[in-house]
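Participant: The following file, structure.txt, comprises compact mmCIF, C-alpha atoms:
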# COMPACT_ATOMS: atom_id res chain seq x y z
CA MET A 142 1.53 8.30 -11.35
CA ALA A 143 -0.80 6.92 -8.72
CA LEU A 144 -1.51 8.08 -5.19
CA VAL A 145 -4.52 5.78 -5.03
CA VAL A 146 -4.56 2.00 -5.41
CA GLN A 147 -7.25 1.33 -8.00
CA ASP A 148 -8.29 -2.13 -6.79
CA ARG A 149 -11.57 -2.62 -4.95
CA THR A 150 -11.18 -1.67 -1.31
CA PHE A 151 -10.87 -4.00 1.66
CA LEU A 152 -14.36 -3.18 2.95
CA ASP A 153 -15.90 -3.59 -0.51
CA VAL A 154 -14.76 -7.19 -0.89
CA LEU A 155 -15.36 -8.45 2.64
CA SER A 156 -18.11 -11.04 2.95
CA ALA A 157 -21.27 -9.94 4.74
CA GLU A 158 -20.36 -12.14 7.71
CA ALA A 159 -16.82 -10.77 7.97
CA ARG A 160 -18.07 -7.20 7.63
CA LYS A 161 -20.55 -7.78 10.47
CA ASP A 162 -17.74 -9.21 12.60
CA LEU A 163 -15.51 -6.21 11.84
CA PHE A 164 -18.16 -3.73 12.92
CA ARG A 165 -18.80 -5.77 16.07
CA ILE A 166 -15.18 -5.47 17.27
CA SER A 167 -14.86 -1.79 16.31
CA VAL A 168 -15.94 1.61 17.52
CA GLU A 169 -16.62 4.60 15.28
CA ARG A 170 -14.58 7.78 15.44
CA THR A 171 -14.62 10.95 13.36
CA PHE A 172 -11.68 13.23 12.57
CA ARG A 173 -11.62 16.87 11.57
CA ALA A 174 -9.83 18.15 8.46
CA ASP A 175 -6.04 18.12 8.95
CA GLU A 176 -6.32 16.03 12.14
CA HIS A 177 -3.90 13.13 12.51
CA LEU A 178 -5.42 9.66 12.36
CA LEU A 179 -2.01 8.07 12.94
CA ARG A 180 1.44 9.51 13.63
CA GLU A 181 4.75 8.31 12.21
CA GLN A 182 6.95 6.42 14.72
CA ASP A 183 4.07 6.12 17.21
CA ASP A 184 4.00 2.76 19.00
CA SER A 185 0.19 2.36 18.98
CA SER A 186 -1.22 -0.74 17.27
CA HIS A 187 -4.88 0.00 16.49
CA VAL A 188 -6.22 -0.19 12.94
CA LEU A 189 -8.54 2.24 11.18
CA VAL A 190 -11.03 1.50 8.42
CA LEU A 191 -12.24 4.55 6.52
CA LEU A 192 -16.03 4.81 6.24
CA GLU A 193 -16.24 8.33 4.79
CA GLY A 194 -13.74 10.85 3.48
CA TRP A 195 -10.13 10.82 2.32
CA ALA A 196 -6.85 10.57 4.24
CA VAL A 197 -3.28 11.43 3.28
CA VAL A 198 -0.41 9.04 4.03
CA SER A 199 2.89 10.91 4.39
CA THR A 200 6.37 10.60 5.82
CA ALA A 201 8.86 13.17 7.07
CA THR A 202 11.80 14.13 4.85
CA ASP A 203 15.27 15.51 5.47
CA ARG A 204 14.03 18.99 4.55
CA SER A 205 12.94 20.95 7.61
CA SER A 206 9.17 20.67 8.26
CA ALA A 207 8.67 19.02 4.85
CA ARG A 208 6.87 15.76 4.15
CA LEU A 209 6.43 13.44 1.21
CA ILE A 210 2.89 12.36 0.42
CA LEU A 211 2.97 8.63 -0.26
CA ALA A 212 -0.68 7.85 -0.92
CA LEU A 213 -4.30 8.84 -0.55
CA ARG A 214 -6.68 6.46 1.17
CA ARG A 215 -10.42 6.44 0.50
CA ARG A 216 -13.63 4.93 1.85
CA GLY A 217 -13.27 1.23 2.53
CA GLU A 218 -9.49 1.17 2.93
CA VAL A 219 -7.54 0.00 5.97
CA VAL A 220 -4.72 2.06 7.49
CA GLY A 221 -2.36 1.13 10.30
CA GLU A 222 -2.51 -2.61 9.76
CA MET A 223 1.28 -3.05 9.49
CA ALA A 224 1.80 -1.92 13.09
CA ALA A 225 -1.00 -4.22 14.27
CA LEU A 226 0.21 -7.29 12.39
CA GLY A 227 3.96 -6.73 12.56
CA GLY A 228 4.39 -5.21 16.00
CA ILE A 229 6.40 -2.30 14.59
CA ALA A 230 6.25 1.46 14.99
CA ARG A 231 4.13 3.45 12.56
CA SER A 232 6.03 3.89 9.29
CA ALA A 233 4.05 6.94 8.17
CA SER A 234 1.55 9.54 9.33
CA VAL A 235 -2.08 9.52 8.20
CA THR A 236 -3.95 12.84 8.14
CA ALA A 237 -7.57 13.66 7.37
CA LEU A 238 -8.10 15.46 4.06
CA GLY A 239 -11.42 16.97 5.06
CA PRO A 240 -13.78 15.34 7.58
CA VAL A 241 -13.22 11.59 7.95
CA ARG A 242 -15.32 8.90 9.65
CA THR A 243 -13.63 5.64 10.61
CA LEU A 244 -13.88 2.35 12.43
CA VAL A 245 -11.21 1.93 15.11
CA VAL A 246 -10.13 -1.65 15.80
CA PRO A 247 -7.69 -2.46 18.66
CA GLY A 248 -4.60 -4.22 17.33
CA ALA A 249 -5.17 -7.48 19.24
CA ARG A 250 -8.76 -7.70 18.02
CA PHE A 251 -7.69 -7.03 14.43
CA ARG A 252 -5.05 -9.75 14.58
CA ALA A 253 -7.64 -12.21 15.89
CA PHE A 254 -10.11 -11.10 13.21
CA ALA A 255 -7.57 -11.69 10.43
CA GLY A 256 -6.32 -14.95 11.95
CA ARG A 257 -9.66 -16.72 12.17
CA ASP A 258 -10.77 -15.97 8.61
CA PRO A 259 -8.50 -17.10 5.72
CA GLU A 260 -10.42 -14.82 3.35
CA VAL A 261 -9.54 -11.77 5.43
CA SER A 262 -5.88 -12.80 5.58
CA ALA A 263 -5.83 -13.23 1.79
CA LEU A 264 -7.43 -9.80 1.28
CA LEU A 265 -4.83 -8.13 3.49
CA MET A 266 -2.02 -9.85 1.58
CA ALA A 267 -3.51 -8.76 -1.77
CA GLN A 268 -3.82 -5.21 -0.46
CA LEU A 269 -0.17 -5.21 0.62
CA VAL A 270 1.00 -6.46 -2.78
CA SER A 271 -1.07 -3.84 -4.59
CA ARG A 272 0.27 -1.04 -2.41
CA LEU A 273 3.86 -2.19 -2.91
CA ARG A 274 3.33 -2.20 -6.67
CA THR A 275 1.94 1.33 -6.53
CA ALA A 276 4.87 2.45 -4.36
CA ASP A 277 7.33 1.04 -6.92
CA GLU A 278 5.61 3.02 -9.66
CA GLU A 279 5.89 6.19 -7.58
CA ARG A 280 9.62 5.66 -7.01
CA ARG A 281 10.15 5.30 -10.76
CA THR A 282 8.19 8.51 -11.30
CA LEU A 283 10.32 10.46 -8.83
CA ALA A 284 13.52 9.20 -10.45
CA SER A 285 12.63 9.70 -14.11
CA LEU A 286 10.20 12.61 -14.59
CA THR A 287 10.76 16.36 -14.46
CA VAL A 288 8.95 18.48 -11.89
CA ILE A 289 6.47 19.88 -14.41
CA GLN A 290 5.72 16.36 -15.68
CA ARG A 291 5.05 15.22 -12.12
CA VAL A 292 2.92 18.28 -11.39
CA ALA A 293 0.84 17.79 -14.54
CA GLY A 294 0.36 14.09 -13.88
CA ARG A 295 -0.56 14.62 -10.24
CA LEU A 296 -3.08 17.36 -11.08
CA LEU A 297 -4.76 15.05 -13.58
CA GLU A 298 -4.92 12.25 -11.02
CA LEU A 299 -6.32 14.51 -8.30
CA GLY A 300 -8.85 15.96 -10.73
CA GLU A 301 -10.04 12.49 -11.69
CA LEU A 302 -10.36 11.53 -8.03
CA GLN A 303 -12.51 14.59 -7.43
CA ARG A 304 -14.65 13.77 -10.46
CA ALA A 305 -15.09 10.21 -9.19
CA ALA A 306 -16.12 11.48 -5.78
CA SER A 307 -18.74 13.73 -7.38
CA GLY A 308 -20.08 10.97 -9.64
CA ARG A 309 -18.64 12.49 -12.85
CA ALA A 310 -15.86 9.96 -13.50
CA GLY A 311 -15.36 9.14 -17.14
CA THR A 312 -16.77 12.41 -18.47
CA ARG A 313 -14.64 14.89 -20.38
CA ASP A 314 -14.48 18.64 -19.94
CA THR A 315 -14.86 20.39 -23.28
CA GLY A 316 -13.58 23.72 -22.05
CA GLY A 317 -16.70 25.44 -23.30
CA PRO A 318 -18.56 28.23 -21.52
CA GLY A 319 -20.28 27.16 -18.34
CA ASP A 320 -18.24 23.98 -17.82
CA GLU A 321 -17.28 23.21 -14.23
CA PHE A 322 -13.57 22.56 -14.02
CA PRO A 323 -12.30 20.31 -11.22
CA VAL A 324 -11.27 22.46 -8.27
CA LEU A 325 -8.69 20.88 -5.99
CA ALA A 326 -9.84 23.05 -3.12
CA GLN A 327 -8.07 21.19 -0.33
CA PHE A 328 -4.75 20.80 -2.13
CA ALA A 329 -2.70 23.92 -1.58
CA GLN A 330 0.58 24.49 -3.44
CA HIS A 331 2.63 23.14 -0.53
CA ASP A 332 0.45 20.00 -0.53
CA LEU A 333 1.14 19.58 -4.23
CA ALA A 334 4.88 19.94 -3.59
CA ASP A 335 4.64 17.22 -0.96
CA ALA A 336 2.70 15.03 -3.40
CA VAL A 337 5.30 15.21 -6.19
CA GLY A 338 8.44 15.09 -4.05
CA ALA A 339 9.70 18.52 -5.08
CA THR A 340 10.46 21.82 -3.35
CA ARG A 341 7.70 24.38 -3.02
CA GLU A 342 9.78 26.77 -5.10
CA ALA A 343 10.02 24.28 -7.99
CA VAL A 344 6.28 23.58 -7.87
CA ALA A 345 5.45 27.29 -7.66
CA LYS A 346 7.55 27.85 -10.80
CA SER A 347 5.71 25.05 -12.62
CA LEU A 348 2.33 26.48 -11.60
CA ARG A 349 3.38 29.94 -12.82
CA LEU A 350 4.14 28.46 -16.22
CA LEU A 351 0.84 26.58 -16.26
CA ARG A 352 -1.09 29.72 -15.29
CA ALA A 353 0.64 31.79 -17.96
CA ALA A 354 -0.29 29.18 -20.57
CA GLY A 355 -3.93 29.13 -19.42
CA VAL A 356 -3.72 25.49 -18.28
CA VAL A 357 -4.69 26.09 -14.64
CA ARG A 358 -6.02 28.83 -12.38
CA THR A 359 -4.87 29.10 -8.78
CA ARG A 360 -6.16 30.81 -5.67
CA PRO A 361 -5.37 30.18 -2.00
CA ARG A 362 -5.93 26.43 -1.48
CA ARG A 363 -7.59 26.19 -4.89
CA ILE A 364 -6.20 24.80 -8.14
CA GLU A 365 -8.61 24.73 -11.07
CA LEU A 366 -7.80 22.53 -14.07
CA ILE A 367 -8.62 24.36 -17.29
CA ASP A 368 -6.90 22.47 -20.13
CA HIS A 369 -6.81 18.72 -19.51
CA ASP A 370 -5.32 17.94 -22.92
CA ALA A 371 -2.35 20.21 -22.22
CA LEU A 372 -1.82 18.55 -18.84
CA ARG A 373 -1.88 15.09 -20.46
CA LEU A 374 0.66 16.22 -23.06
CA LEU A 375 2.98 17.64 -20.39
CA ALA A 376 2.64 14.55 -18.19
CA ALA A 377 3.71 12.44 -21.17
CA GLY A 378 6.82 14.58 -21.71
CA GLY A 379 5.44 16.80 -24.48
CA ASN A 380 5.78 20.54 -24.90
CA ILE A 381 2.89 23.01 -25.11
CA GLY A 382 4.96 26.06 -26.00
CA PHE A 383 4.88 28.18 -22.87
CA PRO A 384 4.63 31.94 -23.44
CA ALA A 385 7.80 33.94 -22.96
CA PRO A 386 8.10 35.61 -19.54
Render the structure in this file as structure tokens.
Facilitator:
Amino acid sequence: MALVVQDRTFLDVLSAEARKDLFRISVERTFRADEHLLREQDDSSHVLVLLEGWAVVSTATDRSSARLILALRRRGEVVGEMAALGGIARSASVTALGPVRTLVVPGARFRAFAGRDPEVSALLMAQLVSRLRTADEERRTLASLTVIQRVAGRLLELGELQRAASGRAGTRDTGGPGDEFPVLAQFAQHDLADAVGATREAVAKSLRLLRAAGVVRTRPRRIELIDHDALRLLAAGGNIGFPAP
């Protein structure tokens, strides 16, 4: 499972000259938590480059007021480029997950920026290919895994993202006294349901099982990961022997 493309970001790999040019044609804008950066089906064409924070890419579903989270975007990534380059309506909404600082580039300026630098055009193409590959993986996940497998896998991914953001990527929690477990403070249960493509009821049932087994702890808008090994086993299709209700 992967909500985040693991390649180096667009801003990371731009040359110093191209980066300077990008900042020259842009203006900075900040967004509050839960504020829309872009709205699905909007006909605007500007492009955003994230400088700080995380954003959620989502699309509406057939279920009333529900959405499906397609991806998370982090510092250095571009959002909204398809509308700028293709002249089409926005295919998804992008929402701030916590405070976000961005560069805003008018669509015409972004097209000119990409057109005059073959390196920039190549980077945008590579980004598109990588995102399509990640989207294909997500579709396979939705079609083949159970809800609890998807929940376990997504919690592990979100926990690792939080660890990376705090500079603790690659370390392992031992589960001993005093350890700090990853707290997914901004991912409420309904957000998790949107992120795994399941109903809130199905995700709530999975979380009840995980709580009863001591794998996670939950509070309002807080999900703490307690037993990473159990989550890995469940994500792989294993069984941890849930206690009887």
Participant: Kindly give the distance, in Å, that separates atom CA of Asp162 of chain A and atom CA of Arg250 of chain A, rounded to a single decimal.
Facilitator: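 Between these atoms lies a distance of 10.6 Å.
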Participant: Rounded to one decimal, what separation in Å do you get between atom CA of Gly227 of chain A and atom CA of Phe164 of chain A?
Facilitator: 22.3 Å
Participant: Which of these residues is nearest to Leu209 of chain A, using all atoms listed in the file: A:Asp368, A:Asp277, A:Asp332, A:Asp184?
Facilitator: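 Looking only at the distances to Leu209 of chain A, the closest residue turns out to be A:Asp332.
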Participant: Tell me which of A:Arg208, A:Val357, A:Arg216, A:Asp153 sits closest to Arg341 of chain A, counting only C-alpha atoms.
Facilitator: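 Result for the nearest residue to Arg341 of chain A: A:Arg208.
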Participant: State, in Å with one decimal place, the distance from atom CA of Arg358 of chain A to atom CA of Val344 of chain A.
Facilitator: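 The value is 14.1 Å.
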Participant: Skipping near chain neighbours, those fewer than 2 positions away, what residues fall within 10 Å of Gln330 of chain A using only C-alpha atoms, listed as a list in words?
Facilitator: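 Contacts, with the query itself left out: Gln327, Phe328, Asp332, Leu333, Ala334, Asp335, Ala336, Arg341, Glu342, Val344, Ala345, Leu348, Thr359, Arg360, Pro361, Arg362, Arg363 and Ile364 of chain A.
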Participant: Restricting the calculation to only C-alpha atoms: of A:Leu191, A:Leu144, A:Met266, A:Ala329, which residue gets closest to Arg291 of chain A?
Facilitator: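 Of all the options, A:Leu144 lies closest to Arg291 of chain A.
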Participant: Near Thr171 of chain A, counting all atoms listed in the file, which residues have an atom at most 9 Å away, once you skip same-chain residues fewer than 2 positions from it, shown as a list in words?
Facilitator: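 Returned residues: Glu169, Arg173, Pro240, Val241, Arg242, Thr243 and Leu244 of chain A.
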Participant: Go ahead and write the residues just picked, C-alpha atoms, as a tab-separated table (two decimals), in the coordinates of the input.
Facilitator:
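Saved file out_15.tsv follows:
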chain	number	residue	atom	x	y	z
A	169	GLU	CA	-16.62	4.60	15.28
A	173	ARG	CA	-11.62	16.87	11.57
A	240	PRO	CA	-13.78	15.34	7.58
A	241	VAL	CA	-13.22	11.59	7.95
A	242	ARG	CA	-15.32	8.90	9.65
A	243	THR	CA	-13.63	5.64	10.61
A	244	LEU	CA	-13.88	2.35	12.43
Participant: Excluding Val219 of chain A and its own-chain neighbours fewer than 2 positions away, which residues fall within 7 Å of it when counting all atoms listed in the file? Please give them as a list in words.
Facilitator: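 These residues fall inside the cut-off: Phe151, Leu189, Val190, Leu191, Gly217, Gly221 and Glu222 of chain A.
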Participant: Neighbours of Arg252 of chain A within 10 Å (all atoms listed in the file; same-chain residues fewer than 6 positions away dropped), as a count of residues only?
Facilitator: 8
Participant: For Ala196 of chain A, please output as a list of chain:residue names all residues within 9 Å (counting all atoms listed in the file; exclusion window: fewer than 2 positions along the same chain).
Facilitator: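 Using all atoms listed in the file, the neighbours found are A:Asp175, A:Leu178, A:Leu191, A:Gly194, A:Val198, A:Ala212, A:Leu213, A:Arg214, A:Arg215, A:Val235, A:Thr236, A:Ala237, A:Leu238, A:Gly239, A:Val241.
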Participant: Here is a test: counting all atoms listed in the file, which residue of A:Arg373, A:Ser186, A:Gly382, A:Gly338 is nearest to Ala353 of chain A?
Facilitator: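 Looking only at the distances to Ala353 of chain A, the closest residue turns out to be A:Gly382.
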Participant: Compare A:Leu299, A:Leu283, A:Ala276, A:Ala354 by their minimum atom-to-atom distance to Pro384 of chain A, counting all atoms listed in the file, and give me the closest one.
Facilitator: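 Smallest separation from Pro384 of chain A among the options: A:Ala354.
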Participant: For each of A:Gln268, A:Ser234, A:Ser285, A:Gln303, take the minimum atom-to-atom distance to Glu218 of chain A, counting all atoms listed in the file, then give the residue where this is smallest.
Facilitator: A:Gln268
Participant: Which centre and which edge lengths, in Å to one decimal, describe the axis-aligned box that holds all listed atoms of segment 284-297 of chain A after 8 Å is added on each side, as JSON?
Facilitator:
{"center_x": 4.4, "center_y": 14.5, "center_z": -13.0, "size_x": 34.3, "size_y": 26.7, "size_z": 21.4}
Participant: What would segment 267-280 of chain A look like with N, CA and C atoms restored, written as a PDB file, in the coordinates of the input?
Facilitator:
ATOM      1  N   ALA A 267      -3.301  -9.356  -0.438  1.00  0.00           N
ATOM      2  CA  ALA A 267      -3.510  -8.760  -1.770  1.00  0.00           C
ATOM      3  C   ALA A 267      -3.394  -7.248  -1.699  1.00  0.00           C
ATOM      4  N   GLN A 268      -3.921  -6.652  -0.633  1.00  0.00           N
ATOM      5  CA  GLN A 268      -3.820  -5.210  -0.460  1.00  0.00           C
ATOM      6  C   GLN A 268      -2.368  -4.782  -0.332  1.00  0.00           C
ATOM      7  N   LEU A 269      -1.588  -5.528   0.440  1.00  0.00           N
ATOM      8  CA  LEU A 269      -0.170  -5.210   0.620  1.00  0.00           C
ATOM      9  C   LEU A 269       0.573  -5.271  -0.702  1.00  0.00           C
ATOM     10  N   VAL A 270       0.326  -6.315  -1.487  1.00  0.00           N
ATOM     11  CA  VAL A 270       1.000  -6.460  -2.780  1.00  0.00           C
ATOM     12  C   VAL A 270       0.642  -5.302  -3.697  1.00  0.00           C
ATOM     13  N   SER A 271      -0.626  -4.931  -3.729  1.00  0.00           N
ATOM     14  CA  SER A 271      -1.070  -3.840  -4.590  1.00  0.00           C
ATOM     15  C   SER A 271      -0.424  -2.523  -4.186  1.00  0.00           C
ATOM     16  N   ARG A 272      -0.340  -2.287  -2.882  1.00  0.00           N
ATOM     17  CA  ARG A 272       0.270  -1.040  -2.410  1.00  0.00           C
ATOM     18  C   ARG A 272       1.766  -1.009  -2.696  1.00  0.00           C
ATOM     19  N   LEU A 273       2.434  -2.142  -2.580  1.00  0.00           N
ATOM     20  CA  LEU A 273       3.860  -2.190  -2.910  1.00  0.00           C
ATOM     21  C   LEU A 273       4.092  -1.912  -4.390  1.00  0.00           C
ATOM     22  N   ARG A 274       3.211  -2.454  -5.236  1.00  0.00           N
ATOM     23  CA  ARG A 274       3.330  -2.200  -6.670  1.00  0.00           C
ATOM     24  C   ARG A 274       3.155  -0.715  -6.978  1.00  0.00           C
ATOM     25  N   THR A 275       2.167  -0.093  -6.332  1.00  0.00           N
ATOM     26  CA  THR A 275       1.940   1.330  -6.530  1.00  0.00           C
ATOM     27  C   THR A 275       3.130   2.145  -6.033  1.00  0.00           C
ATOM     28  N   ALA A 276       3.705   1.748  -4.892  1.00  0.00           N
ATOM     29  CA  ALA A 276       4.870   2.450  -4.360  1.00  0.00           C
ATOM     30  C   ALA A 276       6.064   2.355  -5.304  1.00  0.00           C
ATOM     31  N   ASP A 277       6.240   1.209  -5.939  1.00  0.00           N
ATOM     32  CA  ASP A 277       7.330   1.040  -6.920  1.00  0.00           C
ATOM     33  C   ASP A 277       7.127   1.988  -8.102  1.00  0.00           C
ATOM     34  N   GLU A 278       5.892   2.120  -8.552  1.00  0.00           N
ATOM     35  CA  GLU A 278       5.610   3.020  -9.660  1.00  0.00           C
ATOM     36  C   GLU A 278       5.935   4.465  -9.276  1.00  0.00           C
ATOM     37  N   GLU A 279       5.604   4.842  -8.035  1.00  0.00           N
ATOM     38  CA  GLU A 279       5.890   6.190  -7.580  1.00  0.00           C
ATOM     39  C   GLU A 279       7.386   6.455  -7.516  1.00  0.00           C
ATOM     40  N   ARG A 280       8.160   5.482  -7.062  1.00  0.00           N
ATOM     41  CA  ARG A 280       9.620   5.660  -7.010  1.00  0.00           C
ATOM     42  C   ARG A 280      10.190   5.858  -8.411  1.00  0.00           C
TER      43      ARG A 280
END
